[in-house]
>>> print(open('final.csv').read())   # CSV, C-alpha atoms and all ligand atoms
chain,number,residue,atom,x,y,z
A,1,MET,CA,109.1,164.0,118.2
A,2,GLY,CA,109.3,166.4,121.3
A,3,ARG,CA,107.6,169.8,121.2
A,4,GLY,CA,110.8,171.6,121.9
A,5,PRO,CA,111.3,174.0,124.8
A,6,LEU,CA,108.3,176.0,126.0
A,7,ARG,CA,108.0,179.3,124.2
A,8,LEU,CA,106.2,182.2,125.8
A,9,LYS,CA,104.6,185.3,124.3
A,10,SER,CA,103.3,188.4,125.9
A,11,ALA,CA,99.5,188.8,125.8
A,12,SER,CA,98.5,191.5,123.3
A,13,CYS,CA,95.4,192.4,125.3
A,14,GLN,CA,97.2,194.4,127.9
A,15,ILE,CA,96.7,197.9,129.3
A,16,ALA,CA,98.9,199.5,131.9
A,17,TYR,CA,97.9,202.3,134.3
A,18,TRP,CA,98.8,203.8,137.6
A,19,GLU,CA,96.6,203.4,140.7
A,20,SER,CA,97.4,204.7,144.1
A,21,GLY,CA,101.0,205.1,143.1
A,22,GLU,CA,101.3,201.5,141.8
A,23,LEU,CA,101.7,200.3,138.3
A,24,ARG,CA,99.0,197.9,137.3
A,25,ILE,CA,98.8,195.9,134.1
A,26,ALA,CA,95.5,194.4,133.2
A,27,ASN,CA,94.8,191.7,130.6
A,28,TYR,CA,91.5,193.0,129.4
A,29,LEU,CA,90.6,189.7,127.8
A,30,THR,CA,91.1,187.5,130.9
A,31,ARG,CA,90.3,190.4,133.3
A,32,ARG,CA,93.4,189.6,135.4
A,33,VAL,CA,95.0,192.7,137.0
A,34,PHE,CA,98.7,192.6,138.0
A,35,SER,CA,100.5,195.0,140.3
A,36,ALA,CA,103.9,195.3,138.6
A,37,ASN,CA,107.3,196.6,139.3
A,38,PRO,CA,108.1,198.9,136.3
A,39,ALA,CA,111.1,196.7,135.6
A,40,THR,CA,108.7,193.9,134.7
A,41,LEU,CA,107.7,196.0,131.6
A,42,ASP,CA,111.1,195.1,130.1
A,43,VAL,CA,110.3,191.4,130.5
A,44,ILE,CA,106.9,191.9,128.9
A,45,GLY,CA,108.5,193.8,126.1
A,46,PHE,CA,111.1,191.0,125.6
A,47,PHE,CA,108.4,188.4,125.1
A,48,PHE,CA,106.5,190.3,122.4
A,49,ARG,CA,108.4,187.9,120.1
A,50,PRO,CA,107.8,184.2,121.2
A,51,ARG,CA,110.8,183.2,123.3
A,52,THR,CA,111.9,180.6,125.8
A,53,ILE,CA,112.7,181.1,129.4
A,54,GLN,CA,116.4,180.3,128.6
A,55,ASP,CA,116.3,183.2,126.1
A,56,ALA,CA,115.1,185.5,128.9
A,57,LEU,CA,117.8,184.3,131.3
A,58,LEU,CA,120.4,185.2,128.7
A,59,GLY,CA,118.8,188.4,127.7
A,60,PHE,CA,118.6,189.6,131.3
A,61,ARG,CA,121.9,188.2,132.5
A,62,ALA,CA,122.6,191.5,134.4
A,63,TYR,CA,119.9,190.3,136.8
A,64,SER,CA,120.0,187.2,139.0
A,65,ARG,CA,118.5,184.1,137.3
A,66,GLU,CA,116.3,183.7,140.3
A,67,SER,CA,114.7,187.2,140.0
A,68,VAL,CA,114.2,186.8,136.2
A,69,ALA,CA,112.6,183.4,136.7
A,70,LYS,CA,110.4,184.7,139.5
A,71,ALA,CA,109.2,187.6,137.3
A,72,ILE,CA,108.4,185.2,134.5
A,73,LEU,CA,106.5,182.9,136.7
A,74,ARG,CA,104.5,185.8,138.1
A,75,LEU,CA,103.7,187.1,134.6
A,76,ILE,CA,102.6,183.6,133.6
A,77,ASP,CA,100.3,183.4,136.6
A,78,ALA,CA,98.9,186.9,135.8
A,79,GLN,CA,98.2,185.7,132.2
A,80,LEU,CA,100.4,188.4,130.8
A,81,LEU,CA,102.8,185.8,129.4
A,82,LEU,CA,101.0,183.0,127.5
A,83,GLU,CA,102.3,179.8,126.2
A,84,TYR,CA,102.9,180.3,122.5
A,85,ASP,CA,100.4,178.4,120.3
A,86,SER,CA,98.2,177.5,123.2
A,87,ALA,CA,94.4,178.0,123.1
A,88,ALA,CA,94.8,181.1,125.4
A,89,GLN,CA,97.3,182.6,123.1
A,90,GLU,CA,95.2,181.9,120.1
A,91,ARG,CA,92.2,183.7,121.7
A,92,ASP,CA,94.4,186.6,122.7
A,93,ASN,CA,95.7,186.8,119.1
A,94,ARG,CA,92.2,186.6,117.7
A,95,LEU,CA,91.0,189.5,119.8
A,96,ALA,CA,94.1,191.6,118.9
A,97,SER,CA,93.7,191.0,115.2
A,98,SER,CA,89.9,191.2,114.9
A,99,TRP,CA,89.4,194.2,117.2
A,100,GLY,CA,92.7,195.8,116.0
A,101,PRO,CA,91.4,199.2,114.9
A,102,TRP,CA,89.3,199.6,118.1
A,103,LEU,CA,92.0,198.7,120.6
A,104,PRO,CA,93.1,199.5,123.2
A,105,GLU,CA,89.9,201.6,123.9
A,106,GLY,CA,87.7,198.7,122.9
A,107,GLY,CA,89.3,196.6,125.7
A,108,PHE,CA,86.5,198.2,127.8
A,109,HIS,CA,84.0,195.8,126.3
A,110,PHE,CA,86.0,192.8,127.5
A,111,ILE,CA,87.2,194.0,130.9
A,112,THR,CA,83.6,194.7,131.9
A,113,LYS,CA,82.3,191.3,131.0
A,114,ASP,CA,81.1,188.8,133.7
A,115,THR,CA,81.3,191.5,136.3
A,116,PRO,CA,80.1,190.4,139.8
A,117,TYR,CA,76.6,191.7,140.7
A,118,VAL,CA,75.1,192.6,144.0
A,119,PRO,CA,73.0,189.5,144.7
A,120,TRP,CA,69.3,190.3,144.3
A,121,ASP,CA,68.4,188.6,147.6
A,122,TRP,CA,70.7,190.6,149.9
A,123,PRO,CA,68.8,192.6,152.5
A,124,VAL,CA,68.3,196.2,151.5
A,125,ALA,CA,70.6,197.4,154.3
A,126,LYS,CA,73.4,195.3,152.9
A,127,LYS,CA,72.8,196.5,149.4
A,128,LEU,CA,72.9,200.1,150.7
A,129,GLU,CA,76.3,199.5,152.1
A,130,THR,CA,77.6,199.1,148.5
A,131,LEU,CA,76.7,202.8,147.8
A,132,PRO,CA,78.9,205.7,148.6
A,133,ALA,CA,78.3,207.6,151.8
A,134,THR,CA,77.8,210.8,149.9
A,135,PRO,CA,74.2,211.8,149.0
A,136,ALA,CA,72.9,210.9,145.5
A,137,PRO,CA,73.5,213.6,142.8
A,138,PRO,CA,70.4,215.7,142.0
A,139,LYS,CA,67.9,213.9,139.7
A,140,SER,CA,67.6,216.8,137.3
A,141,LYS,CA,69.4,219.9,136.2
A,142,ARG,CA,68.3,223.5,136.3
A,143,ILE,CA,70.7,226.1,135.0
A,144,ARG,CA,70.9,228.8,137.6
A,145,GLY,CA,70.3,232.3,136.2
A,146,ALA,CA,68.9,231.1,132.9
A,147,HIS,CA,65.5,232.5,131.9
A,148,SER,CA,62.9,229.7,131.3
A,149,VAL,CA,59.6,229.8,129.5
A,150,ARG,CA,56.6,227.6,130.3
A,151,LEU,CA,55.8,225.1,127.5
A,152,PRO,CA,52.3,224.4,126.4
A,153,ALA,CA,50.6,221.4,128.1
A,154,HIS,CA,49.9,218.6,125.7
A,155,GLU,CA,47.3,215.9,125.9
A,156,LEU,CA,48.4,212.3,125.7
A,157,ALA,CA,45.1,210.6,126.0
A,158,GLY,CA,43.5,209.5,122.7
A,159,ASP,CA,46.7,209.2,120.8
A,160,THR,CA,47.7,205.6,121.0
A,161,PHE,CA,51.3,206.3,120.1
A,162,PHE,CA,51.8,208.6,123.1
A,163,GLU,CA,49.7,206.3,125.3
A,164,THR,CA,52.1,203.5,124.4
A,165,LEU,CA,55.1,205.6,125.3
A,166,ARG,CA,53.5,206.5,128.6
A,167,ASP,CA,52.4,203.0,129.5
A,168,ARG,CA,55.7,201.3,129.0
A,169,ARG,CA,56.9,199.9,132.3
A,170,THR,CA,59.5,197.4,133.4
A,171,HIS,CA,57.7,194.3,134.6
A,172,ARG,CA,59.0,191.8,137.1
A,173,GLU,CA,55.9,189.7,137.6
A,174,PHE,CA,54.2,187.9,134.8
A,175,GLY,CA,51.0,185.9,134.2
A,176,LEU,CA,51.6,182.1,134.0
A,177,GLY,CA,50.0,181.6,130.6
A,178,LYS,CA,51.7,181.3,127.2
A,179,ILE,CA,52.1,184.2,124.7
A,180,SER,CA,51.1,183.6,121.1
A,181,LEU,CA,53.6,182.9,118.3
A,182,GLU,CA,51.9,185.7,116.4
A,183,ASN,CA,52.9,188.2,119.1
A,184,ILE,CA,56.5,186.8,119.1
A,185,SER,CA,56.5,187.2,115.4
A,186,LYS,CA,55.3,190.9,115.6
A,187,LEU,CA,57.9,191.6,118.3
A,188,LEU,CA,60.7,190.2,116.2
A,189,HIS,CA,59.6,191.8,113.0
A,190,ALA,CA,58.8,195.2,114.4
A,191,THR,CA,62.2,195.3,116.3
A,192,TRP,CA,64.7,193.4,114.3
A,193,GLY,CA,63.0,192.6,111.0
A,194,VAL,CA,64.1,194.0,107.7
A,195,GLN,CA,61.5,196.5,106.6
A,196,GLY,CA,62.9,197.1,103.2
A,197,TYR,CA,66.1,197.9,101.3
A,198,PHE,CA,67.6,201.0,99.8
A,199,HIS,CA,70.3,201.3,97.3
A,200,THR,CA,73.6,203.1,97.8
A,201,ASP,CA,76.3,203.6,95.1
A,202,VAL,CA,79.2,202.7,97.4
A,203,PHE,CA,77.8,199.9,99.6
A,204,GLY,CA,75.1,198.5,97.4
A,205,LYS,CA,71.8,197.3,98.8
A,206,LEU,CA,71.4,198.0,102.5
A,207,PRO,CA,68.5,196.9,104.8
A,208,TYR,CA,66.5,199.3,106.8
A,209,LYS,CA,64.8,198.5,110.1
A,210,THR,CA,62.6,200.4,112.5
A,211,SER,CA,65.6,201.5,114.5
A,212,PRO,CA,68.3,203.7,113.0
A,213,SER,CA,71.8,202.2,112.6
A,214,GLY,CA,75.1,204.0,111.9
A,215,GLY,CA,75.8,203.6,108.2
A,216,ALA,CA,72.9,201.1,108.1
A,217,ARG,CA,75.5,198.5,109.2
A,218,HIS,CA,72.9,196.9,111.6
A,219,PRO,CA,75.3,194.9,113.8
A,220,GLY,CA,72.5,193.7,116.0
A,221,GLU,CA,71.4,190.0,116.1
A,222,VAL,CA,68.7,188.5,118.3
A,223,TYR,CA,68.2,185.0,119.8
A,224,LEU,CA,64.8,183.9,121.2
A,225,MET,CA,64.6,181.8,124.3
A,226,ALA,CA,61.1,180.5,124.0
A,227,LEU,CA,59.8,179.3,127.3
A,228,ARG,CA,56.0,179.5,127.0
A,229,VAL,CA,55.0,180.3,123.5
A,230,LYS,CA,51.8,178.9,122.1
A,231,GLY,CA,52.6,177.1,118.9
A,232,LEU,CA,56.4,177.0,119.3
A,233,LYS,CA,58.5,174.3,120.9
A,234,SER,CA,60.3,175.7,123.9
A,235,GLY,CA,63.9,176.1,123.0
A,236,MET,CA,66.5,178.5,121.7
A,237,TYR,CA,66.2,180.1,118.2
A,238,HIS,CA,68.2,182.5,116.1
A,239,TYR,CA,66.0,185.1,114.3
A,240,GLN,CA,66.9,185.3,110.6
A,241,SER,CA,66.0,188.9,110.1
A,242,LYS,CA,66.4,188.8,106.3
A,243,ASP,CA,63.7,186.2,105.8
A,244,HIS,CA,61.8,186.5,109.0
A,245,ARG,CA,62.4,182.9,110.2
A,246,LEU,CA,63.5,181.2,113.4
A,247,ALA,CA,66.4,178.8,113.2
A,248,SER,CA,66.4,176.2,116.0
A,249,LEU,CA,69.6,175.9,118.1
A,250,PRO,CA,70.6,172.9,120.2
A,251,VAL,CA,70.5,174.8,123.5
A,252,LYS,CA,68.6,173.6,126.6
A,253,VAL,CA,66.3,176.3,128.0
A,254,SER,CA,64.4,176.5,131.3
A,255,PRO,CA,63.2,179.3,133.6
A,256,ARG,CA,66.3,178.6,135.7
A,257,THR,CA,68.6,179.2,132.7
A,258,ALA,CA,66.6,182.4,131.8
A,259,SER,CA,67.2,183.7,135.4
A,260,ALA,CA,70.8,182.6,135.3
A,261,TYR,CA,71.4,184.5,132.1
A,262,CYS,CA,70.0,187.6,133.8
A,263,ALA,CA,72.5,187.4,136.7
A,264,ASP,CA,70.2,185.2,138.7
A,265,GLN,CA,67.4,187.7,139.0
A,266,PRO,CA,64.7,185.1,139.7
A,267,TYR,CA,61.7,187.1,138.4
A,268,PHE,CA,63.0,187.2,134.8
A,269,GLY,CA,62.9,183.4,134.9
A,270,GLU,CA,59.1,183.7,135.0
A,271,ALA,CA,58.9,185.5,131.6
A,272,ALA,CA,57.4,183.7,128.6
A,273,ALA,CA,60.3,184.5,126.3
A,274,LEU,CA,63.7,186.2,126.4
A,275,PHE,CA,65.2,188.1,123.5
A,276,ILE,CA,69.0,187.9,123.7
A,277,MET,CA,70.6,190.8,121.9
A,278,THR,CA,74.1,190.5,120.5
A,279,ALA,CA,76.3,192.6,118.1
A,280,VAL,CA,78.4,191.4,115.3
A,281,PHE,CA,81.1,194.0,115.7
A,282,PRO,CA,82.9,193.5,112.4
A,283,ARG,CA,79.9,194.8,110.5
A,284,THR,CA,80.3,198.2,112.1
A,285,MET,CA,84.1,198.0,112.5
A,286,TRP,CA,84.7,197.2,108.8
A,287,LYS,CA,83.4,200.7,107.9
A,288,TYR,CA,84.1,202.7,111.0
A,289,ARG,CA,87.7,202.2,112.0
A,290,ARG,CA,87.8,204.3,115.2
A,291,ALA,CA,87.0,203.0,118.7
A,292,ARG,CA,84.3,205.6,119.0
A,293,ALA,CA,82.1,203.5,116.8
A,294,TYR,CA,81.9,201.0,119.7
A,295,ARG,CA,79.6,203.6,121.3
A,296,VAL,CA,77.4,203.5,118.1
A,297,VAL,CA,76.9,199.7,118.6
A,298,LEU,CA,75.8,200.2,122.2
A,299,LEU,CA,73.5,203.1,121.3
A,300,GLU,CA,71.9,201.1,118.6
A,301,THR,CA,71.2,198.2,121.0
A,302,GLY,CA,69.4,200.8,123.2
A,303,HIS,CA,67.2,201.8,120.2
A,304,LEU,CA,66.3,198.2,119.5
A,305,CYS,CA,65.4,197.5,123.1
A,306,GLN,CA,63.2,200.6,123.4
A,307,THR,CA,61.4,199.6,120.2
A,308,PHE,CA,60.9,196.1,121.7
A,309,CYS,CA,59.5,197.4,124.9
A,310,LEU,CA,57.1,199.8,123.2
A,311,THR,CA,55.9,197.1,120.8
A,312,ALA,CA,55.3,194.7,123.7
A,313,THR,CA,53.4,197.5,125.5
A,314,ARG,CA,51.3,198.2,122.4
A,315,LEU,CA,50.5,194.4,122.2
A,316,GLY,CA,49.3,194.5,125.9
A,317,LEU,CA,52.3,192.4,127.0
A,318,ALA,CA,54.7,192.9,129.9
A,319,PRO,CA,58.3,193.7,128.8
A,320,PHE,CA,61.5,194.1,130.7
A,321,CYS,CA,65.1,194.6,129.9
A,322,THR,CA,68.4,194.0,131.7
A,323,ALA,CA,72.0,194.6,131.2
A,324,ALA,CA,73.0,192.5,134.3
A,325,LEU,CA,74.0,189.4,132.3
A,326,LYS,CA,76.3,186.4,132.7
A,327,ASP,CA,78.0,187.2,129.4
A,328,SER,CA,80.2,184.1,129.1
A,329,LEU,CA,77.5,181.7,130.1
A,330,ILE,CA,75.2,183.1,127.4
A,331,GLU,CA,77.9,183.2,124.7
A,332,ASN,CA,79.0,179.6,125.4
A,333,ASP,CA,75.5,178.4,125.2
A,334,LEU,CA,74.9,180.2,121.9
A,335,GLY,CA,78.2,179.1,120.5
A,336,LEU,CA,79.5,182.6,120.1
A,337,ASP,CA,83.2,183.4,120.4
A,338,GLY,CA,82.5,186.5,122.4
A,339,ILE,CA,84.9,188.4,120.2
A,340,SER,CA,83.4,188.9,116.8
A,341,GLU,CA,79.9,188.5,118.2
A,342,SER,CA,79.1,189.2,121.8
A,343,VAL,CA,76.0,189.6,124.0
A,344,LEU,CA,75.0,193.1,125.0
A,345,TYR,CA,71.5,193.3,126.3
A,346,VAL,CA,68.5,191.0,127.2
A,347,ALA,CA,64.9,191.9,126.9
A,348,GLY,CA,62.0,189.7,127.7
A,349,VAL,CA,58.2,189.5,127.7
A,350,GLY,CA,55.4,187.8,129.5
A,351,LEU,CA,51.7,188.2,130.0
A,352,VAL,CA,50.7,191.1,132.3
A,353,ALA,CA,50.4,189.6,135.8
A,354,GLY,CA,46.8,189.6,137.2
A,355,ARG,CA,45.2,190.6,133.9
A,356,PRO,CA,42.8,188.0,132.4
A,357,HIS,CA,44.0,186.6,129.0
A,401,LIG,C1,70.3,199.3,130.5
A,401,LIG,C2,69.2,198.9,131.5
A,401,LIG,C3,69.5,197.9,132.4
A,401,LIG,C4,68.5,197.5,133.3
A,401,LIG,N1,68.8,196.4,134.1
A,401,LIG,C5,67.8,196.0,135.0
A,401,LIG,C6,68.1,194.9,135.8
A,401,LIG,O1,69.1,194.2,135.8
A,401,LIG,N2,67.1,194.4,136.6
A,401,LIG,C7,65.9,195.1,136.7
A,401,LIG,O2,65.0,194.6,137.5
A,401,LIG,N3,65.6,196.2,135.9
A,401,LIG,C8,66.6,196.7,135.1
A,401,LIG,N4,66.3,197.8,134.3
A,401,LIG,C9,65.1,198.4,134.4
A,401,LIG,C10,65.1,199.7,135.3
A,401,LIG,O3,65.2,199.3,136.7
A,401,LIG,C11,63.8,200.5,135.1
A,401,LIG,O4,63.8,200.9,133.8
A,401,LIG,C12,63.7,201.7,136.0
A,401,LIG,O5,63.5,201.2,137.3
A,401,LIG,C13,62.5,202.6,135.6
A,401,LIG,O6,61.3,201.9,135.6
A,401,LIG,P1,60.5,201.8,134.2
A,401,LIG,O7,61.3,201.0,133.2
A,401,LIG,O8,59.2,201.0,134.6
A,401,LIG,O9,60.2,203.1,133.7
A,401,LIG,C14,67.3,198.2,133.4
A,401,LIG,C15,67.1,199.3,132.6
A,401,LIG,C16,68.0,199.6,131.6
A,401,LIG,C17,67.7,200.8,130.7
>>> encode(input="final.csv", output="structure tokens", more="lines below")
Ligand SMILES: Cc1cc2nc3c(=O)[nH]c(=O)nc-3n(C[C@H](O)[C@H](O)[C@H](O)COP(=O)(O)O)c2cc1C
Amino acid sequence: MGRGPLRLKSASCQIAYWESGELRIANYLTRRVFSANPATLDVIGFFFRPRTIQDALLGFRAYSRESVAKAILRLIDAQLLLEYDSAAQERDNRLASSWGPWLPEGGFHFITKDTPYVPWDWPVAKKLETLPATPAPPKSKRIRGAHSVRLPAHELAGDTFFETLRDRRTHREFGLGKISLENISKLLHATWGVQGYFHTDVFGKLPYKTSPSGGARHPGEVYLMALRVKGLKSGMYHYQSKDHRLASLPVKVSPRTASAYCADQPYFGEAAALFIMTAVFPRTMWKYRRARAYRVVLLETGHLCQTFCLTATRLGLAPFCTAALKDSLIENDLGLDGISESVLYVAGVGLVAGRPH
């Protein structure tokens, strides 16, 4: 039996705006931007119900068949019209339905994925050309005319907590040795592990961790890429925070992959382990229905990363973090759909370069 005539449907993941006097329509899922004649909006509106090209030719018979067909072809090319029931339309639909309460604002998450990065090996002069010609804004703020008081000096030395805060640095060189499984375990438990539970009347038993989380929803998950860990086969693992276990995943790992994940920054490929942080958005979205809660998810990932960096510093290890990621590459490898669970941040650790271990 034939499939019948091709039916098209407008992508749900669209946002329109004006730029330099031109109307632009972006598909925030596919990240395609289209410069549109405002009349095209009618065509997009027409296809919010699945329809055939023949339907459109009839519906827009006041226009020439050629111009309608041309507009449809351009919209298909721009991924603003999708083949109904195709994989692309199914993905569009999945995002629209699962992120519904956070859209369209939450489209920011998708449109900023897989962004091009300034290549790390460009000469400095070429990198500088990417900056605006205007001077950098001041590095700190002083309110003119406001009276200020001197604060008492405080001594950091001797208090290991403050020393750890002070000593945290981003490392880009690492010792070649392995780090111990015990240290990996401490890093995972101190940062992502469940420390205990508390009871709430409305939501029942909720976990608490070392970092705060809006409504104790804890959307964060972490995947360990073990490259040089004593006592652990190199590979990819998912950390089961509830029972402090590592589940092995069928993903090939190598220093090259580690570097590729971090937008090809070669130094991070020399780390002993990467900690790939993701968020399971529905955990937070289920309770917080406004797009502002997306901020909460990002803020929490920052809390987790700082806890990780401080724990690594306290253990005498060399931490780093990066938000320059190849999102889709990571998500494909980890088997994530990039919609309900998406990568946000990567931290890593190695031995301190030049220090005997
Ligand atoms: C969100 C975030 C993203 C970062 N991304 C990168 C990165 O892609 N590559 C890198 O070498 N450092 C990255 N860094 C580290 C900063 O460059 C570093 O924190 C800064 O230079 C200050 O140095 P410090 O961390 O030693 O205090 C990132 C830091 C943060 C907070």
>>> residues_around(input="final.csv", residues="A:Phe48", least_positions_apart="5", cutoff="10 Å", atoms="only C-alpha atoms", output="PyMOL selection string")
chain A and resi 8-12+43+81
>>> residues_near_ligand(input="final.csv", ligand="ligand LIG 401 (chain A)", cutoff="8 Å", atoms="all atoms listed in the file", output="list of chain:residue names")
A:Arg168, A:Arg169, A:Thr170, A:His171, A:Arg172, A:Cys262, A:Ala263, A:Gln265, A:Gly302, A:Phe320, A:Cys321, A:Thr322, A:Ala323, A:Ala324, A:Leu325, A:Tyr345
>>> residues_around(input="final.csv", residues="stretch 220-228 of chain A", least_positions_apart="5", cutoff="7 Å", atoms="only C-alpha atoms", output="PyMOL selection string")
chain A and resi 178-179+234-239+253-254+272-280+301
>>> residues_around(input="final.csv", residues="A:Glu90", least_positions_apart="4", cutoff="12 Å", atoms="all atoms listed in the file", output="VMD selection string")
chain A and resid 9 to 13 29 82 to 86 94 to 98
>>> closest_residue(input="final.csv", among="A:Pro50, A:Gly100, A:Pro132, A:Pro266", to="A:Trp120", atoms="all atoms listed in the file")
A:Pro266
>>> atom_distance(input="final.csv", atom1="atom CA of A:Glu163", atom2="atom CA of A:Leu317")
14.2 Å
>>> atom_distance(input="final.csv", atom1="atom CA of A:Lys230", atom2="atom CA of A:Pro250")
19.8 Å
>>> residues_around(input="final.csv", residues="A:Phe308", least_positions_apart="6", cutoff="10 Å", atoms="all atoms listed in the file", output="ChimeraX atom specification")
/A:186-192,275,302,314,319-321,347-349
>>> atom_distance(input="final.csv", atom1="atom CA of A:Val297", atom2="atom CA of A:Leu246")
23.4 Å
>>> residues_near_point(input="final.csv", point="(106.5, 199.5, 134.9)", cutoff="10 Å", atoms="only C-alpha atoms", output="list in words")
Ala16, Tyr17, Trp18, Glu22, Leu23, Arg24, Ile25, Ser35, Ala36, Asn37, Pro38, Ala39, Thr40, Leu41, Asp42, Val43 and Ile44 of chain A
>>> closest_residue(input="final.csv", among="A:Ala293, A:Ala216, A:Val346, A:Ala71", to="A:His199", atoms="only C-alpha atoms")
A:Ala216
>>> residues_around(input="final.csv", residues="A:Asp77", least_positions_apart="3", cutoff="12 Å", atoms="all atoms listed in the file", output="ChimeraX atom specification")
/A:27,30,32-34,70-74,80-83
>>> closest_residue(input="final.csv", among="A:Arg217, A:Ser140, A:Gly335, A:Leu57", to="A:Lys205", atoms="all atoms listed in the file")
A:Arg217
>>> closest_residue(input="final.csv", among="A:Asp243, A:Leu329, A:Val118, A:Gly215", to="A:Thr257", atoms="all atoms listed in the file")
A:Leu329
>>> closest_residue(input="final.csv", among="A:Arg289, A:His303, A:Lys126, A:Lys141", to="A:Thr210", atoms="all atoms listed in the file")
A:His303
>>> closest_residue(input="final.csv", among="A:Ile111, A:Val124, A:Ile53, A:Leu299", to="A:Gln14", atoms="all atoms listed in the file")
A:Ile111
